[in-house]
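One file, data-v4.cif, carrying mmCIF, C-alpha atoms:
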data_target
#
loop_
_atom_site.label_atom_id
_atom_site.label_comp_id
_atom_site.auth_asym_id
_atom_site.auth_seq_id
_atom_site.Cartn_x
_atom_site.Cartn_y
_atom_site.Cartn_z
CA MET A 22 115.02 89.18 101.06
CA PRO A 23 115.94 92.73 102.11
CA LYS A 24 113.04 94.56 103.76
CA VAL A 25 111.91 97.90 102.31
CA GLY A 26 109.74 100.13 104.50
CA ILE A 27 107.26 102.01 102.29
CA LEU A 28 105.92 105.18 103.85
CA SER A 29 102.85 106.62 102.15
CA LEU A 30 99.56 108.10 103.33
CA PRO A 31 97.56 105.79 105.61
CA LEU A 32 95.21 103.41 103.82
CA ASN A 33 91.52 104.14 104.22
CA TRP A 34 89.05 103.28 101.43
CA ASN A 35 90.48 105.39 98.60
CA TYR A 36 90.96 103.07 95.61
CA GLY A 37 93.87 105.06 94.19
CA GLY A 38 95.79 105.05 97.47
CA ILE A 39 95.24 101.31 97.89
CA LEU A 40 96.19 100.40 94.31
CA GLN A 41 99.30 102.58 94.17
CA GLN A 42 100.63 100.81 97.27
CA TYR A 43 99.62 97.47 95.79
CA ALA A 44 101.48 98.25 92.55
CA LEU A 45 104.65 99.45 94.29
CA SER A 46 104.62 96.40 96.58
CA GLU A 47 104.19 94.01 93.65
CA TYR A 48 107.01 95.68 91.74
CA LEU A 49 109.38 95.40 94.70
CA LYS A 50 108.50 91.72 95.04
CA LYS A 51 109.32 91.23 91.34
CA ASN A 52 112.77 92.60 92.19
CA ASN A 53 113.33 90.24 95.14
CA LEU A 54 112.58 92.75 97.87
CA GLU A 55 110.16 92.45 100.77
CA PRO A 56 107.84 95.48 100.98
CA ILE A 57 106.74 96.54 104.47
CA LEU A 58 103.86 99.01 104.28
CA ILE A 59 104.28 101.38 107.20
CA SER A 60 100.91 102.48 108.56
CA ARG A 61 101.67 105.82 110.24
CA ARG A 62 98.48 107.45 111.48
CA LEU A 63 97.74 110.79 113.06
CA LYS A 64 98.70 111.19 116.72
CA ARG A 65 95.69 111.97 118.94
CA ASN A 66 94.85 112.46 122.58
CA PHE A 67 94.19 109.38 124.71
CA LEU A 68 90.38 109.24 124.42
CA ILE A 69 90.24 109.92 120.66
CA LEU A 70 93.08 107.47 120.07
CA LEU A 71 91.20 104.78 121.99
CA LEU A 72 88.09 105.32 119.87
CA VAL A 73 90.12 105.29 116.65
CA LYS A 74 91.80 102.01 117.60
CA ILE A 75 88.42 100.44 118.39
CA LYS A 76 87.07 101.69 115.05
CA TRP A 77 89.88 100.07 113.07
CA LYS A 78 89.61 96.80 114.97
CA LEU A 79 85.92 96.67 114.10
CA ILE A 80 86.67 97.51 110.46
CA TYR A 81 89.34 94.81 110.33
CA TYR A 82 86.91 92.25 111.74
CA PHE A 83 83.73 93.12 109.84
CA GLY A 84 85.65 93.82 106.62
CA LYS A 85 86.00 90.06 106.15
CA TYR A 86 82.29 89.66 105.47
CA GLU A 87 80.88 90.30 102.00
CA LYS A 88 77.46 91.38 103.31
CA PHE A 89 79.04 94.68 104.37
CA ASN A 90 80.39 95.50 100.88
CA PHE A 91 77.87 98.34 100.52
CA LEU A 92 80.08 100.37 102.91
CA PRO A 93 83.33 101.46 101.18
CA LEU A 94 85.54 101.40 104.29
CA LEU A 95 84.52 97.81 105.00
CA ALA A 96 84.37 96.74 101.34
CA THR A 97 88.01 97.67 100.68
CA GLU A 98 89.36 96.08 103.86
CA LYS A 99 89.32 92.51 102.53
CA PHE A 100 91.58 93.50 99.59
CA LYS A 101 94.04 95.13 101.99
CA GLN A 102 94.11 92.05 104.20
CA LYS A 103 94.68 89.73 101.23
CA HIS A 104 97.00 91.73 98.97
CA LEU A 105 98.64 94.23 101.34
CA ASN A 106 99.26 91.79 104.15
CA THR A 107 102.75 93.15 104.87
CA ARG A 108 101.21 96.24 106.48
CA THR A 109 102.52 97.11 109.91
CA LYS A 110 100.17 97.63 112.80
CA ASP A 111 98.91 101.21 113.04
CA LEU A 112 101.64 103.46 114.48
CA TYR A 113 100.56 106.74 116.03
CA SER A 114 103.84 108.42 116.99
CA SER A 115 107.46 108.83 115.92
CA GLU A 116 108.54 106.77 118.91
CA GLU A 117 106.28 103.85 117.94
CA LEU A 118 107.55 104.06 114.37
CA ARG A 119 111.19 104.19 115.46
CA ASN A 120 110.79 101.23 117.82
CA TYR A 121 108.95 99.16 115.23
CA THR A 122 111.52 99.66 112.47
CA LYS A 123 114.38 99.02 114.88
CA LYS A 124 112.81 95.83 116.25
CA ASN A 125 112.07 94.53 112.74
CA LYS A 126 115.47 95.58 111.39
CA ILE A 127 114.15 97.76 108.59
CA LYS A 128 117.07 99.71 107.18
CA ILE A 129 115.74 100.65 103.74
CA PHE A 130 113.00 103.26 103.42
CA LEU A 131 111.09 104.31 100.33
CA VAL A 132 108.91 107.40 100.79
CA GLY A 133 105.94 107.61 98.45
CA SER A 134 104.01 107.57 96.37
CA ASP A 135 100.95 109.79 96.73
CA GLN A 136 100.70 113.07 98.65
CA ILE A 137 102.99 112.05 101.50
CA TRP A 138 104.72 115.48 101.39
CA ASN A 139 101.45 117.40 101.40
CA VAL A 140 101.61 119.22 104.73
CA GLU A 141 97.81 119.32 104.83
CA ALA A 142 97.45 115.53 104.43
CA THR A 143 100.41 113.73 105.98
CA PRO A 144 99.96 112.49 109.57
CA SER A 145 103.47 113.70 110.40
CA LEU A 146 105.60 115.91 108.15
CA LYS A 147 108.74 115.04 110.12
CA ASP A 148 108.16 111.29 109.77
CA SER A 149 107.32 111.63 106.08
CA TYR A 150 110.96 112.67 105.66
CA ILE A 151 112.06 109.72 107.86
CA GLY A 152 112.75 112.07 110.75
CA PHE A 153 111.87 109.40 113.30
CA LEU A 154 115.28 107.75 112.94
CA GLN A 155 117.88 108.69 115.54
CA ASN A 156 120.79 107.22 113.63
CA ASN A 157 120.26 106.80 109.90
CA SER A 158 123.90 106.45 108.90
CA LYS A 159 123.39 102.73 108.21
CA CYS A 160 120.07 103.18 106.43
CA LEU A 161 119.20 103.73 102.78
CA ILE A 162 116.50 106.36 102.27
CA ALA A 163 114.91 107.36 98.95
CA ALA A 164 111.68 108.88 97.67
CA TYR A 165 109.64 107.47 94.81
CA GLY A 166 106.92 109.66 93.31
CA ALA A 167 106.35 111.72 96.44
CA SER A 168 103.88 114.56 95.96
CA PHE A 169 103.42 118.00 97.54
CA ALA A 170 99.93 118.17 95.95
CA HIS A 171 100.24 121.94 95.42
CA ASP A 172 102.02 124.10 92.86
CA ASP A 173 103.05 126.62 95.51
CA TRP A 174 105.02 126.12 98.74
CA LYS A 175 102.85 125.39 101.80
CA TYR A 176 105.48 124.66 104.47
CA SER A 177 106.17 127.18 107.24
CA LYS A 178 109.68 128.54 107.70
CA SER A 179 110.45 126.12 110.53
CA GLU A 180 109.00 123.18 108.59
CA THR A 181 111.09 124.12 105.56
CA ILE A 182 114.30 124.25 107.62
CA LEU A 183 113.51 120.88 109.21
CA CYS A 184 112.77 119.19 105.87
CA GLN A 185 115.85 120.73 104.24
CA LYS A 186 117.91 119.03 106.92
CA LEU A 187 116.12 115.67 106.71
CA ILE A 188 116.13 115.37 102.91
CA LYS A 189 119.94 115.53 102.92
CA ASN A 190 119.81 111.94 104.20
CA PHE A 191 118.05 110.76 101.03
CA PHE A 192 120.09 108.78 98.53
CA LEU A 193 117.78 109.70 95.65
CA VAL A 194 114.60 111.77 95.36
CA SER A 195 111.84 111.58 92.78
CA VAL A 196 108.48 113.32 92.72
CA ARG A 197 105.24 112.76 90.81
CA GLU A 198 104.61 116.22 89.31
CA LYS A 199 106.73 118.57 87.20
CA GLN A 200 106.18 121.36 89.69
CA GLY A 201 107.47 119.08 92.43
CA THR A 202 110.97 119.04 90.92
CA LEU A 203 111.02 122.85 91.07
CA LEU A 204 109.78 122.90 94.68
CA THR A 205 112.39 120.43 95.91
CA LYS A 206 115.18 122.40 94.21
CA LYS A 207 114.04 125.86 95.32
CA PHE A 208 112.86 125.18 98.86
CA LEU A 209 114.53 121.94 99.94
CA LYS A 210 117.81 122.53 98.06
CA LYS A 211 117.69 118.98 96.70
CA LYS A 212 117.78 117.71 93.14
CA SER A 213 114.92 115.45 92.12
CA ILE A 214 113.50 113.89 88.99
CA ARG A 215 109.92 113.25 87.99
CA VAL A 216 108.59 109.68 87.79
CA LEU A 217 105.24 108.07 87.09
CA ASP A 218 102.74 106.96 89.69
CA PRO A 219 103.57 103.38 90.87
CA THR A 220 100.42 102.00 89.19
CA PHE A 221 102.25 102.39 85.86
CA LEU A 222 105.09 100.10 87.01
CA LEU A 223 102.85 97.07 86.46
CA LYS A 224 101.67 95.92 83.06
CA LYS A 225 98.00 95.66 82.19
CA LYS A 226 98.14 91.88 82.47
CA ASP A 227 99.48 92.17 86.04
CA TYR A 228 96.11 93.54 87.13
CA PHE A 229 94.21 90.59 85.66
CA LYS A 230 94.62 88.57 88.85
CA ILE A 231 92.45 91.08 90.73
CA ILE A 232 89.98 91.76 87.91
CA LYS A 233 86.78 89.72 88.10
CA LYS A 234 85.48 88.36 84.80
CA GLN A 235 82.24 89.95 83.68
CA ASN A 236 79.82 89.21 80.87
CA LYS A 237 78.97 92.64 79.51
CA LYS A 238 75.85 92.70 77.35
CA ASN A 239 75.26 96.44 77.51
CA LYS A 240 77.82 99.15 76.87
CA SER A 241 78.61 101.01 80.08
CA LEU A 242 79.72 104.41 81.35
CA PHE A 243 81.94 104.08 84.43
CA CYS A 244 81.73 107.11 86.72
CA TYR A 245 84.08 107.62 89.65
CA ILE A 246 83.50 111.00 91.30
CA LEU A 247 85.13 111.92 94.61
CA ASP A 248 83.70 115.43 94.92
CA ASN A 249 80.20 115.38 93.51
CA ASP A 250 78.15 118.43 92.55
CA ILE A 251 75.09 119.31 90.46
CA TYR A 252 77.08 120.18 87.32
CA LYS A 253 78.96 116.87 87.34
CA GLN A 254 75.73 114.94 87.89
CA LYS A 255 73.94 116.68 85.01
CA PHE A 256 76.91 116.27 82.66
CA ILE A 257 77.28 112.54 83.39
CA LYS A 258 73.56 111.74 83.12
CA SER A 259 73.26 113.75 79.91
CA TYR A 260 76.24 112.00 78.32
CA ALA A 261 75.03 108.53 79.34
CA LYS A 262 71.57 109.21 77.89
CA LYS A 263 72.98 110.69 74.68
CA LYS A 264 75.27 107.72 74.05
CA GLY A 265 72.84 105.08 75.31
CA LEU A 266 75.28 103.79 77.94
CA LYS A 267 74.49 101.86 81.09
CA PHE A 268 75.43 104.03 84.08
CA ILE A 269 77.88 102.46 86.58
CA ASP A 270 77.88 104.75 89.57
CA TYR A 271 80.83 105.26 91.95
CA CYS A 272 79.80 108.80 92.80
CA ASP A 273 78.37 108.70 96.31
CA PHE A 274 80.10 106.82 99.12
CA SER A 275 78.25 108.23 102.11
CA ILE A 276 76.71 105.89 104.68
CA LYS A 277 73.47 107.86 104.49
CA SER A 278 73.23 107.18 100.76
CA ASN A 279 74.26 103.54 100.76
CA VAL A 280 73.08 101.99 104.01
CA PHE A 281 69.81 101.01 102.36
CA LYS A 282 71.39 100.08 99.00
CA PHE A 283 72.57 96.59 99.91
CA LYS A 284 73.15 95.75 96.24
CA LYS A 285 76.07 98.18 96.07
CA ASN A 286 79.48 96.47 96.04
CA PHE A 287 82.39 98.81 96.71
CA THR A 288 85.24 96.28 96.79
CA VAL A 289 88.54 97.15 95.11
CA GLU A 290 88.09 94.19 92.77
CA ASN A 291 84.65 95.43 91.75
CA TRP A 292 85.91 98.97 91.17
CA ILE A 293 88.80 97.98 88.91
CA SER A 294 86.69 95.34 87.12
CA ASP A 295 83.85 97.76 86.38
CA LEU A 296 86.35 100.26 85.01
CA TYR A 297 88.14 97.60 82.92
CA TYR A 298 84.94 96.34 81.28
CA SER A 299 83.44 99.79 80.69
CA ASN A 300 83.29 101.57 77.34
CA PHE A 301 83.78 105.10 78.64
CA VAL A 302 85.03 106.67 81.89
CA ILE A 303 84.14 110.01 83.48
CA THR A 304 85.98 110.85 86.69
CA ASP A 305 87.48 113.60 88.83
CA SER A 306 90.04 111.21 90.30
CA PHE A 307 93.71 111.04 89.36
CA HIS A 308 93.77 107.26 89.64
CA GLY A 309 90.45 106.95 87.84
CA MET A 310 92.24 108.69 84.98
CA VAL A 311 95.40 106.57 85.37
CA PHE A 312 93.57 103.27 85.04
CA SER A 313 91.63 104.60 82.07
CA ILE A 314 95.00 105.14 80.39
CA ILE A 315 96.41 101.77 81.45
CA PHE A 316 93.31 99.95 80.14
CA LYS A 317 92.99 102.20 77.05
CA LYS A 318 89.56 103.53 77.95
CA ASN A 319 88.10 106.62 76.33
CA PHE A 320 87.72 109.08 79.21
CA LEU A 321 87.05 112.60 80.46
CA ILE A 322 88.24 114.05 83.74
CA PHE A 323 86.90 116.98 85.75
CA LEU A 324 89.86 119.04 86.98
CA ASN A 325 89.80 118.50 90.74
CA LYS A 326 91.79 121.40 92.19
CA LYS A 327 90.77 120.45 95.72
CA ARG A 328 92.72 117.19 95.51
CA GLY A 329 95.61 118.46 93.38
CA ALA A 330 95.32 119.51 89.74
CA SER A 331 99.04 119.52 88.97
CA ARG A 332 99.36 115.72 88.85
CA ILE A 333 96.50 115.50 86.36
CA VAL A 334 97.75 118.25 84.06
CA SER A 335 101.40 117.09 84.22
CA LEU A 336 100.62 113.57 83.06
CA LEU A 337 98.09 114.51 80.38
CA GLU A 338 100.46 117.13 78.94
CA ASP A 339 103.15 114.45 78.57
CA LEU A 340 100.74 112.10 76.85
CA GLY A 341 99.09 114.69 74.61
CA LEU A 342 95.71 114.24 76.27
CA LYS A 343 95.03 117.66 77.78
CA ASP A 344 91.82 117.96 75.78
CA ARG A 345 90.30 115.25 78.04
CA ILE A 346 90.20 117.73 80.94
CA ILE A 347 86.90 119.39 81.82
CA TYR A 348 88.02 122.75 83.21
CA SER A 349 84.63 124.43 83.53
CA THR A 350 80.94 124.34 82.67
CA ASN A 351 81.86 125.76 79.24
CA PHE A 352 83.48 122.46 78.25
CA ASP A 353 82.67 121.45 74.68
CA ILE A 354 83.01 117.70 74.22
CA SER A 355 82.86 118.06 70.42
CA LYS A 356 86.35 119.62 70.51
CA THR A 357 87.98 116.52 71.98
CA LYS A 358 90.02 114.44 69.56
CA GLN A 359 89.90 110.68 69.21
CA ILE A 360 92.62 109.18 71.38
CA ASN A 361 95.59 107.78 69.46
CA TRP A 362 96.43 104.98 71.88
CA LYS A 363 99.51 103.89 69.95
CA SER A 364 101.03 107.35 70.33
CA VAL A 365 99.97 107.60 74.00
CA HIS A 366 101.50 104.26 74.94
CA ASN A 367 104.72 104.92 73.02
CA LYS A 368 105.16 108.03 75.17
CA LEU A 369 104.16 106.05 78.24
CA ILE A 370 106.83 103.43 77.57
CA ILE A 371 109.54 106.12 77.64
CA LEU A 372 108.23 107.56 80.92
CA THR A 373 107.82 104.11 82.46
CA ASN A 374 111.36 103.07 81.54
CA SER A 375 112.71 106.27 83.10
CA SER A 376 110.76 105.53 86.30
CA LYS A 377 112.02 101.94 86.42
CA ASN A 378 115.60 103.10 85.82
CA PHE A 379 115.29 105.38 88.84
CA LEU A 380 114.27 102.42 91.00
CA LYS A 381 116.99 100.29 89.42
CA LYS A 382 119.63 102.65 90.88
CA ILE A 383 118.14 102.04 94.31
CA PHE A 384 118.05 98.27 93.77
CA ILE A 385 121.72 98.28 92.75
CA ARG A 386 122.67 100.19 95.91
CA ILE A 387 120.70 97.71 98.01
CA LYS A 388 122.53 94.75 96.46
CA LYS A 389 125.91 96.39 96.95
CA ASN A 390 125.30 97.15 100.61
CA LEU A 391 123.27 93.99 101.31
CA TYR A 392 120.81 95.66 103.69
CA ASP A 393 118.86 93.06 105.65
#
Could you spell out this file's structure in C-alpha cells?
Amino acid sequence: MPKVGILSLPLNWNYGGILQQYALSEYLKKNNLEPILISRRLKRNFLILLLVKIKWKLIYYFGKYEKFNFLPLLATEKFKQKHLNTRTKDLYSSEELRNYTKKNKIKIFLVGSDQIWNVEATPSLKDSYIGFLQNNSKCLIAAYGASFAHDDWKYSKSETILCQKLIKNFFLVSVREKQGTLLTKKFLKKKSIRVLDPTFLLKKKDYFKIIKKQNKKNKSLFCYILDNDIYKQKFIKSYAKKKGLKFIDYCDFSIKSNVFKFKKNFTVENWISDLYYSNFVITDSFHGMVFSIIFKKNFLIFLNKKRGASRIVSLLEDLGLKDRIIYSTNFDISKTKQINWKSVHNKLIILTNSSKNFLKKIFIRIKKNLYD
C-alpha cells in the first residue's frame, strides 16, 4: 500500500490530538493507504534534548503498565502504542525528518489536522509546510483540516514569505475553520476549502472497538475541562447537584492532584467510554464538544479563547448549536433550546461528505501516480 506521511502536532496526552490522528489513520486504512504518523518534536540544545529523550523512553516503558493510569501522560501511552503503532521515532530536526522520509520512501504527505499551522504551537513552522524536502517534485503534498488557531495573522513577514513559497507545492489545501480559508487566501495566496475535523470521518460505530462496555446505574455528568477556574468549578457542581447527576471528573490532570488518587484512570479508552455513557457533557475542549456531537450527547461548552475559539464557533454555527456556548458568567442555561439531533446530523452528513470528497481527490491522484 502507498505510504502517507501524516504531519500533525506531536502526541502527548491530549485526548483530542490522539483521537484525531487515530481517526485520520483509520480512514486512510479504509482507503487502502498506509498512514505513517510523523513525530516531529521541538529542536533543543544537547543537554535538554538528552533529558527529553530519556523522559520519552521512560514514558514508553512505564506506559505499558496499568498501575500508572492515574498519570495522564502514562495512561494514554498504551493506546498510542496499540492503535497508533505506525508512528515514527521522535524526530528533532529538519535533517532527521528529511533522512527518515527518504530512507522509508515516503512520497505522499498529508499535513493536519489540528493546529499544525499555529506558529505558537508547531515545533517547526517550516517543516509544517513540508519545507524539509530538498526535492519535492516527485512528491504529493496536501493539507487536511490544518488550523492556524487564531482569527488574525500571527506570522512574521519573513515567515509569511517562506510559507507562501512552500504552500505552492501543495496539491490541495483544506483548513478546519472558516477564518482559515480567508487567511490562506489573503496571506498565503492559496485557495483552500474548509473541512471537518478527522474525528468526523469515522462513524459512531467505528469507535465501538475502543469503547469499554459499562453498566450505568446512575445518570452521569461528564466534565472535561482543560483550563479550570473557580467559575467553571462552581457552574459544573451546581448543575450536577441541580440535575442529580453523578459527577465524572476530567478536570484536573496535574501530578500534584492525582499522585495520591490511584483510583483515577486517565486512559483514552476510559475517557471516550465515560463520555459515551454519560447523560450530559460540560467541557471547554473542542474535541470534548466534537464527541458529544458524534455520540448525540446534550452538552455545554465554555468558550476557550486560549486554545482557539474559532474552531468551536465555526462548527456550532454550521450545526445551529451556538446556544450551547458559555461565553461568560452571565450565561443563562434556561435560554438553551433542546437539541434537534435529526437536524444536526442531516447538516453533519453534508459537511462530512464534502470533507470525504476532498480526500477522494487526493486518493484519485495517488492511484493515478502510484506513489509507493
Q. Which residue out of A:Lys128, A:Lys110, A:Arg332, A:Arg215 has the minimum interatomic distance to Ala170 of chain A when all atoms listed in the file are used?
A. A:Arg332
Q.
To one decimal place in Å, what is the distance between atom CA of Asp173 of chain A and atom CA of Lys212 of chain A?
A.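 Atom CA of Lys212 of chain A lies 17.4 Å from atom CA of Asp173 of chain A.
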Q: Name the residues in contact with Asn35 of chain A at a cut-off of 10 Å, using all atoms listed in the file, excluding same-chain residues fewer than 2 positions from it; report them as a PyMOL selection string.
A: chain A and resi 31-33+37-40+93-94+97+247+289+308
(Q) Using Å and a single decimal, report how far atom CA of Thr109 of chain A sits from atom CA of Gly26 of chain A. (A)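 Between atom CA of Gly26 of chain A and atom CA of Thr109 of chain A the gap works out to 9.5 Å.
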Q. When you draw a straight line from atom CA of Lys210 of chain A to atom CA of Gln42 of chain A, how long is it in Å?
A. 27.7 Å
Q.
Here's the selection I'm unsure about, the PyMOL selection byres ((chain A and resi 118-127) around 6); applied to the file above, which residues does it give, as a list of chain:residue names?
A. A:Lys24, A:Leu112, A:Ser115, A:Glu116, A:Glu117, A:Lys128, A:Ile129, A:Phe153, A:Leu154
Q) So which residues touch Phe83 of chain A within 12 Å, counting all atoms listed in the file, skipping near sequence neighbours fewer than 5 positions away, as a VMD selection string? A) chain A and resid 76 to 78 88 to 90 92 94 to 99 102
**Q.** Expected selection from the PyMOL selection byres ((chain A and resi 310-318) around 8), given as a list in words
**A.**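 Listing what the PyMOL selection byres ((chain A and resi 310-318) around 8) selects in the shown file: Thr220, Phe221, Lys225, Leu296, Tyr297, Ser299, Asn300, Phe301, Val302, Thr304, Asp305, Ser306, Phe307, His308, Gly309, Asn319, Phe320, Leu321, Ile322 and Trp362 of chain A.
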For C-alpha atoms, I'd like the residues from the last selection saved as an mmCIF file, keeping the file's coordinate frame.
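Wrote result.cif, looks like this:
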data_model
loop_
_atom_site.group_PDB
_atom_site.id
_atom_site.type_symbol
_atom_site.label_atom_id
_atom_site.label_comp_id
_atom_site.auth_asym_id
_atom_site.auth_seq_id
_atom_site.Cartn_x
_atom_site.Cartn_y
_atom_site.Cartn_z
ATOM 1 C CA THR A 220 100.420 102.000 89.190
ATOM 2 C CA PHE A 221 102.250 102.390 85.860
ATOM 3 C CA LYS A 225 98.000 95.660 82.190
ATOM 4 C CA LEU A 296 86.350 100.260 85.010
ATOM 5 C CA TYR A 297 88.140 97.600 82.920
ATOM 6 C CA SER A 299 83.440 99.790 80.690
ATOM 7 C CA ASN A 300 83.290 101.570 77.340
ATOM 8 C CA PHE A 301 83.780 105.100 78.640
ATOM 9 C CA VAL A 302 85.030 106.670 81.890
ATOM 10 C CA THR A 304 85.980 110.850 86.690
ATOM 11 C CA ASP A 305 87.480 113.600 88.830
ATOM 12 C CA SER A 306 90.040 111.210 90.300
ATOM 13 C CA PHE A 307 93.710 111.040 89.360
ATOM 14 C CA HIS A 308 93.770 107.260 89.640
ATOM 15 C CA GLY A 309 90.450 106.950 87.840
ATOM 16 C CA ASN A 319 88.100 106.620 76.330
ATOM 17 C CA PHE A 320 87.720 109.080 79.210
ATOM 18 C CA LEU A 321 87.050 112.600 80.460
ATOM 19 C CA ILE A 322 88.240 114.050 83.740
ATOM 20 C CA TRP A 362 96.430 104.980 71.880
#
Q.
Which residues are close to Ser364 of chain A, i.e. within 10 Å by all atoms listed in the file, leaving aside same-chain residues fewer than 5 positions away? Reply as a list in words.
A.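 What passes the distance filter is Leu340, Gly341 and Leu369 of chain A.
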Q: Determine the nearest neighbour of Lys377 of chain A from the options A:Asp250, A:Asp218, A:Glu87, A:Asp135, counting all atoms listed in the file.
A: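 Smallest separation from Lys377 of chain A among the options: A:Asp218.
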Q) Just so the selection is clear, what residues does the PyMOL selection byres ((chain A and resi 253) around 12) cover here, as a PyMOL selection string? A) chain A and resi 244-252+254-260+272+303-305+321-325+347-350+352
Q.
Using all atoms listed in the file - which residues lie no farther than 9 Å from the point (101.1, 100.6, 103.5) in the file's frame? Write them as a PyMOL selection string.
A. chain A and resi 26-32+39+42-43+46+56-61+105+107-109
(Q) With distances taken over all atoms listed in the file, which residue among A:Lys234, A:Tyr86, A:Leu223, A:Gly166 lies nearest Lys51 of chain A? (A)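 Ranked by minimum distance to Lys51 of chain A, first place goes to A:Leu223.
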Q: Measuring atom to atom with all atoms listed in the file, identify which of A:Lys230, A:Lys147, A:Asp339, A:Leu161 is nearest to Asn367 of chain A.
A: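 With all atoms listed in the file as the atom set, the closest residue is A:Asp339.
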Set up a box along x, y and z of the file covering all listed atoms of segment 175-188 of chain A, add 4 Å on every one of the six sides, and write the centre and edge lengths in Å to one decimal, as lines of an AutoDock Vina configuration file.
center_x = 110.4
center_y = 122.0
center_z = 106.2
size_x = 23.1
size_y = 21.2
size_z = 16.7
